[in-house]
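Trainee: Handing you a structure now.
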Amino acid sequence: MSTESTTALADGLTPTEEARRQIEICNACRYCEGYCAVFPAITKQKAFADGDITQLANLCHNCRGCYYACQYTEPHEFALNLPKVLAEVRQESWQDHAWPQGVARAFHRSGVAIAAFVILGFALMFAAARWLGSSGGEGFYAVLSHNMMVAIFLPAFVLPLLSITISMRKFWHHIGGKPIGVRASLAALKDAARMKNLSGGHGEGCNFEDEDHFTQLRRVGHQLTMWGFLLCFAATSSGTVMHYLFDMPAPYTFFSLPKLLGVSGGIMLALGTAKLAWLKPKGNKNLGDTRVWGGEMAFVLLLFVVAVTGLALYWAGGTGLMPSLLALHLGAVLAFFLLMPFSKMVHGFYRLASLVRDAQQKEG
Amino acid sequence: MMNDPDIVIVGGGNAALCAAITAAETGARVLILEAAPKDYRGGNSRHTRNFRCMHDGPLSVLTGSYDEEEYFNDLLLVTKGKTDEHLARIAIRGSQDSQPWMEAHGIRFQPSLSGTLSLSRTNAFFLGGGKALVNAYYRTAEALGVEVLYDAHVDHLELNGDEITRVDYSYQGQNHSLSPKGVVVASGGFQGNIEWLTRAWGPAAANFLIRGTPYNRGAVLKDLLDQGVQSVGDPTQCHAVAIDGRAPKFDGGIVTRLDCVPFSVVVNKHAKRFYNEGEDVWPKRYAIWGRLVAAQDDQVAFSIIDSKSKDLFMPSVFPPVTADSIAELAEKLGLDPDTLTATVDEFNASCRDGEFKPTELDNLATEGLEPSKTNWARPIVDPPFLGYSLRPGVTFTYLGFKVDETAQVQGPNGAVKNLWAAGETMAGSILGQGYLAGFGMTIGTVFGRIAGKEAAEYVN
Ligand SMILES: Cc1cc2nc3c(=O)[nH]c(=O)nc-3n(C[C@H](O)[C@H](O)[C@H](O)COP(=O)(O)OP(=O)(O)OC[C@H]3O[C@@H](n4cnc5c(N)ncnc54)[C@H](O)[C@@H]3O)c2cc1C
Ligand code: SF4
Ligand code: SF4
């Protein structure tokens with residue numbers, strides 16, 4: 001939308017410059033020190049290079065505690081809105097470090113682009129099922145042969161990973177990261193697993209849907225999404241291992257590892273994304289990066305579609321609906337993987353990198 | 001809207017909210033009239049960071065212990081004895097059980113902020129600061145059925161004999177009146193009223209900056225004193241510290257604080273020194289510099305350091321003016337370059353060798369300089385040179401209502417039976433002069449709770 005602008009552009013500052021202005025005010029104040037990892041990291045420094053600002057931005061989980069607690073938010077002339085400006089810097093860091101770049105900008109900003117891409121994924125899968133079909137297999141492989149699936153999904157998995165690896169190397173260099181040690185990595189993983197920085201410092205959650213009211217809704221929604229996703233991923237991985245290492249091809253029974261992981265993960269992912277999508281419109285849009293609101297929402301919905309079609313396939317597996325459902329599910333999964341480096345999904349990688357860097361800095 | 005509240009609370013800061021919550025918990029119907037719009041609700045309380053809390057052993061985020069006698073002695077030191085011991089001890093004793101009360105009503109605490117370790121034993125810091133505290137109290141109050149009107153300015157309390165019979169206020173451009181059974185005044189001092197400040201202090205006060213809210217204009221204070229209500233506190237005095245001269249006129253808050261004075265030379269607009277910058281550690285001298293600067297021409301001064309000292313104090317919100325020579329710095333600060341160069345040269349020549357210890361009194365004093373600098377006197381020779389302008393920043397005024405131990409306001413002929421006061425608006429009897437960090441919120445919390453309880457007992 002043309003009326004949307006960043007906090008900063010109005011004053012002629014880039015988001016990074018505007019973030020620096022605000023961070024220097026915070027450094028003179030420090031009242032928010034206990035909310036999250038961002039403020040203790042700020043107080044260790046007096047001057048902030050661009051890489052420092054990017055690092056702080058990626059440490060921020062947009063819990064919004066520091067907005068509602070700030071005595072300097074507009075209409076005060078200091079015009080603090082740290083969650084927003086850090087969201088903008090963070091967003092730009094994902095776009096600037098993405099590879100290839102132009103693609104990232106389009107998908108981050110536009111929910112319509114994501115939707116179009118997903119529909120394309122559906123179409124491709126329907127077409128594949130219809131015209132390439134199967135050379136006779138069991139279950140899903142009756143619709144699309146195993147080899148066909150691998151031919152489509154292996155590149156769809158490897159290419160995004162390659163892209164993200166390139167991005168992470170550039171990003172790590174930009175924020176001044178050092179060789180990664182075990183201690184820092186463990187500390188970072190622990191914080192990420194508990195989503196510590198969405199706990200508000202007091203363990204009561206964050207501010208989102210009801211102004212300064214601390215609740216666990218967003219944290220729980222996000223935890224369900226993250227763990228649900230990881231379980232689904234583990235399901236696929238275990239299936240792959242069983243297929244290739246143990247020569248146990250699908251379909252699997254309910255009490256098999258892929259199914260147990262997949263069904264529980266799918267349920268969590270569906271609930272988590274539904275919760276996040278339901279919450280999102282309730283929060284104040286102006287405390288995030290308004291430019292990418294649509295893209296973020298579309299991405300949550302895409303994850304929801306992945307989860308729900310996956311679960312539906314489990315229940316409708318033996319019925320005539322299965323081939324269409326399979327095409328929908330695989331289409332959504334395909335779009336999801338291909339969009340990974342260019343969508344909100346990539347935040348997980350940046351976040352983890354920043355948490356590792358923060359742990360390194362704490363080690364001194 | 002509530003047309004017949006049992007209790008009207010004038011003001012919407014810490015003291016007001018503590019009173020409102022306490023009264024509402026007894027079932028009383030409470031209306032808060034807050035002069036500020038919602039964005040600026042909470043008066044000076046929204047700028048605070050901690051409260052001073054007595055404790056017999058580790059309590060929440062507080063380390064060690066801090067007993068009544070030590071606390072009271074600290075108060076005696078800063079006030080030089082100008083305190084009402086009875087009321088002061090009520091506030092001190094009340095602070096201990098206020099801490100859990102605050103937690104139970106939504107306040108969260110954090111360990112003392114980096115750079116404030118010296119307060120970790122005596123002062124409990126609010127997570128997110130005073131605005132987070134105010135937010136939490138508003139939520140708690142509203143959940144208890146307290147109604148809040150913003151942009152509602154109380155103009156007049158009608159004192160009839162020993163009773164307040166009417167509350168006049170303006171809201172959205174219209175005048176309204178209410179006749180509640182009880183009234184609690186918690187509307188702070190009058191420092192937001194520059195005209196009154198200049199009448200009290202003198203014309204120089206027009207150049208003072210006000211560190212907190214512009215909404216504490218003393219309307220109710222003046223209104224009641226005019227009706228013969230008894231006052232305490234020196235009507236001409238205010239608490240002022242030296243802050244960054246570029247701070248906004250109002251509401252600059254904590255970030256405009258400048259802690260560089262002990263490591264600097266401070267000159268007036270004539271580029272001359274006027275006081276010992278190294279008299280004592282900064283927390284102990286912080287408050288006198290407001291007055292010192294206020295006494296200079298145009299109420300302005302300049303603190304000058306060199307690159308050696310630039311990382312020795314908390315960063316301030318405005319970057320310093322920097323230059324490669326003292327003359328150039330003078331030019332940029334609007335001072336006479338020759339005089340400033342001479343002042344700094346003379347200072348440098350009087351410095352002697354010795355060990356510099358930034359965090360303690362190091363007796364590194366000048367020799368033969370008038371006025372002398374008795375600690376941290378290191379020559380200012382290493383470019384770049386950095387300069388900050390200083391102006392007096394007013395925290396609060398001392399004039400307030402005389403109250404008894406139940407927070408009841410004393411009228412011309414004894415207690416006004418349905419009027420109580422809490423917070424800054426009655427603090428003058430306890431803090432007759434000076435200031436003890438964190439005591440403002442303690443007085444507001446303890447007496448706010450007392451006022452709320454007494455008012456509720458009266459109306460129920
Ligand atoms: C920058 C700064 C930092 C400080 N830090 C600390 C600290 O860390 N710890 C500490 O203990 N103290 C601190 N203080 C002092 C502290 O702010 C006060 O002692 C305390 O907030 C007083 O609380 P109060 O409720 O009495 O008044 P306030 O919080 O000032 O509330 C007064 C209320 O009355 C309202 N009001 C005024 N006139 C009217 C009217 N006519 N009608 C209706 N409403 C009216 C105002 O809008 C306001 O809501 C600080 C002060 C400043 C300026
Ligand atoms: S967000 Fe506001 S209150 Fe929090 S540290 Fe920054 S300036 Fe202070
Ligand atoms: S929004 Fe939350 S996570 Fe981000 S800086 Fe503010 S308090 Fe920290």
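Here's how to read the names in the structure tokens: chain A, B, ... by the order shown, residue numbers from 1 in each chain, ligand numbers from 1 in the order shown.
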Give me the residues of chain B that have any atom at most 12 Å from an atom of ligand 3; for each, the nearest atom pair and the distance in Å, rounded to one decimal. Use only C-alpha atoms and all ligand atoms, sort by chain and number, and format it as a tab-separated table.

Mentor:
```
residue	atom	partner	partner_atom_place_in_ligand_line	distance
B:Leu127	CA	ligand 3	7 (S)	10.7
B:Gly128	CA	ligand 3	7 (S)	8.8
B:Ala132	CA	ligand 3	7 (S)	11.9
```

Trainee: Could you pull out the residues in range 255-344 of chain B that DSSP calls strand (DSSP E) from the backbone, as a ChimeraX atom specification?

Mentor: /B:265-268,301-306,321-323

Trainee: Next, the residues of the selection above should be written as a PDB file, in the first residue's frame with N, CA and C atoms.

Mentor:
```pdb
ATOM      1  N   VAL B 265      35.656  20.242  33.730  1.00  0.00           N
ATOM      2  CA  VAL B 265      35.578  21.577  34.310  1.00  0.00           C
ATOM      3  C   VAL B 265      34.248  22.158  33.850  1.00  0.00           C
ATOM      4  N   VAL B 266      33.590  22.863  34.758  1.00  0.00           N
ATOM      5  CA  VAL B 266      32.314  23.473  34.419  1.00  0.00           C
ATOM      6  C   VAL B 266      32.488  24.986  34.431  1.00  0.00           C
ATOM      7  N   VAL B 267      32.069  25.614  33.339  1.00  0.00           N
ATOM      8  CA  VAL B 267      32.187  27.077  33.239  1.00  0.00           C
ATOM      9  C   VAL B 267      30.809  27.669  32.987  1.00  0.00           C
ATOM     10  N   ASN B 268      30.683  28.965  33.295  1.00  0.00           N
ATOM     11  CA  ASN B 268      29.425  29.655  32.997  1.00  0.00           C
ATOM     12  C   ASN B 268      29.494  30.291  31.606  1.00  0.00           C
ATOM     13  N   ALA B 301      25.257  26.567  31.978  1.00  0.00           N
ATOM     14  CA  ALA B 301      26.675  26.295  32.215  1.00  0.00           C
ATOM     15  C   ALA B 301      27.139  25.260  31.195  1.00  0.00           C
ATOM     16  N   PHE B 302      28.467  25.040  31.155  1.00  0.00           N
ATOM     17  CA  PHE B 302      29.017  24.116  30.168  1.00  0.00           C
ATOM     18  C   PHE B 302      30.031  23.200  30.844  1.00  0.00           C
ATOM     19  N   SER B 303      29.874  21.920  30.619  1.00  0.00           N
ATOM     20  CA  SER B 303      30.775  20.939  31.212  1.00  0.00           C
ATOM     21  C   SER B 303      31.712  20.450  30.114  1.00  0.00           C
ATOM     22  N   ILE B 304      33.032  20.539  30.402  1.00  0.00           N
ATOM     23  CA  ILE B 304      34.005  20.243  29.346  1.00  0.00           C
ATOM     24  C   ILE B 304      34.956  19.128  29.789  1.00  0.00           C
ATOM     25  N   ILE B 305      35.063  18.095  28.947  1.00  0.00           N
ATOM     26  CA  ILE B 305      35.972  16.986  29.235  1.00  0.00           C
ATOM     27  C   ILE B 305      36.856  16.741  28.017  1.00  0.00           C
ATOM     28  N   ASP B 306      37.850  15.888  28.199  1.00  0.00           N
ATOM     29  CA  ASP B 306      38.613  15.468  27.015  1.00  0.00           C
ATOM     30  C   ASP B 306      38.385  13.978  26.772  1.00  0.00           C
ATOM     31  N   VAL B 321      29.048  18.078  22.006  1.00  0.00           N
ATOM     32  CA  VAL B 321      29.674  18.910  20.980  1.00  0.00           C
ATOM     33  C   VAL B 321      31.166  18.583  21.029  1.00  0.00           C
ATOM     34  N   THR B 322      31.777  18.303  19.903  1.00  0.00           N
ATOM     35  CA  THR B 322      33.191  17.912  19.931  1.00  0.00           C
ATOM     36  C   THR B 322      34.027  18.839  19.058  1.00  0.00           C
ATOM     37  N   ALA B 323      35.312  18.970  19.435  1.00  0.00           N
ATOM     38  CA  ALA B 323      36.234  19.803  18.662  1.00  0.00           C
ATOM     39  C   ALA B 323      37.659  19.348  18.948  1.00  0.00           C
TER      40      ALA B 323
END
```

Trainee: For chain B, report every residue with an atom at most 10 Å from chain A (counting only C-alpha atoms), formatted as number ranges by chain.

Mentor: B: 39-42, 46-50, 108-115, 125-136, 139, 248, 250-258, 311, 314-319

Trainee: So that I have them on file, write out the residues from the current selection with C-alpha atoms, as a short mmCIF file (atom, residue, chain, number, x, y, z; two decimals), in the first residue's frame.

Mentor:
```
data_model
loop_
_atom_site.label_atom_id
_atom_site.label_comp_id
_atom_site.auth_asym_id
_atom_site.auth_seq_id
_atom_site.Cartn_x
_atom_site.Cartn_y
_atom_site.Cartn_z
CA ASP B 39 -0.93 8.87 26.36
CA TYR B 40 0.57 10.99 29.14
CA ARG B 41 -1.29 9.56 32.11
CA GLY B 42 0.65 8.95 35.28
CA ARG B 46 5.67 7.51 34.58
CA HIS B 47 9.29 8.68 34.64
CA THR B 48 10.45 6.78 37.70
CA ARG B 49 12.55 3.66 37.88
CA ASN B 50 12.56 2.42 41.48
CA ARG B 108 7.07 -6.58 38.36
CA PHE B 109 10.60 -5.89 39.50
CA GLN B 110 14.03 -6.27 37.93
CA PRO B 111 17.54 -6.28 39.37
CA SER B 112 19.15 -2.85 39.60
CA LEU B 113 20.01 -1.51 36.16
CA SER B 114 23.54 -1.68 34.81
CA GLY B 115 25.36 1.39 36.08
CA PHE B 125 13.59 -1.31 40.28
CA PHE B 126 10.36 -1.60 38.34
CA LEU B 127 10.58 -3.85 35.29
CA GLY B 128 10.02 -1.50 32.35
CA GLY B 129 10.16 1.58 34.62
CA GLY B 130 7.43 3.85 35.91
CA LYS B 131 5.21 3.77 32.85
CA ALA B 132 4.99 0.00 33.07
CA LEU B 133 4.08 0.42 36.74
CA VAL B 134 1.39 2.95 35.93
CA ASN B 135 0.01 0.70 33.16
CA ALA B 136 -0.20 -2.26 35.50
CA ARG B 139 -5.30 -2.44 34.59
CA PRO B 248 12.84 19.52 25.95
CA PHE B 250 8.89 19.26 29.73
CA ASP B 251 8.97 15.49 30.11
CA GLY B 252 12.62 14.94 29.12
CA GLY B 253 12.83 12.46 31.98
CA ILE B 254 15.78 10.32 32.93
CA VAL B 255 17.68 10.36 29.64
CA THR B 256 18.55 14.06 29.89
CA ARG B 257 20.65 13.38 33.00
CA LEU B 258 24.35 14.21 32.63
CA ASP B 311 33.54 6.58 28.66
CA MET B 314 26.45 6.81 31.49
CA PRO B 315 25.80 7.94 27.93
CA SER B 316 23.41 10.85 27.66
CA VAL B 317 20.71 11.16 25.08
CA PHE B 318 22.30 14.01 23.14
CA PRO B 319 25.75 13.58 21.63
#
```

Trainee: Residues contacting ligand 1 - anything with an atom at most 7 Å away, using only C-alpha atoms and all ligand atoms - can you give me those as a PyMOL selection string?

Mentor: chain B and resi 10-16+33-36+41-52+152-155+186-188+211-213+215-220+253-254+395-396+422-425+437-442+444

Trainee: Any idea what's packed within 12 Å of His347 in chain A, counting only C-alpha atoms, ignoring anything in its chain fewer than 6 positions away? Could you give it as JSON, numbers by chain?

Mentor: {"A": [57, 58, 59, 60, 61, 87, 90, 91, 92, 93, 94, 95, 97, 98, 108, 164, 167, 168, 192, 226, 296, 340, 341, 353, 354, 355]}
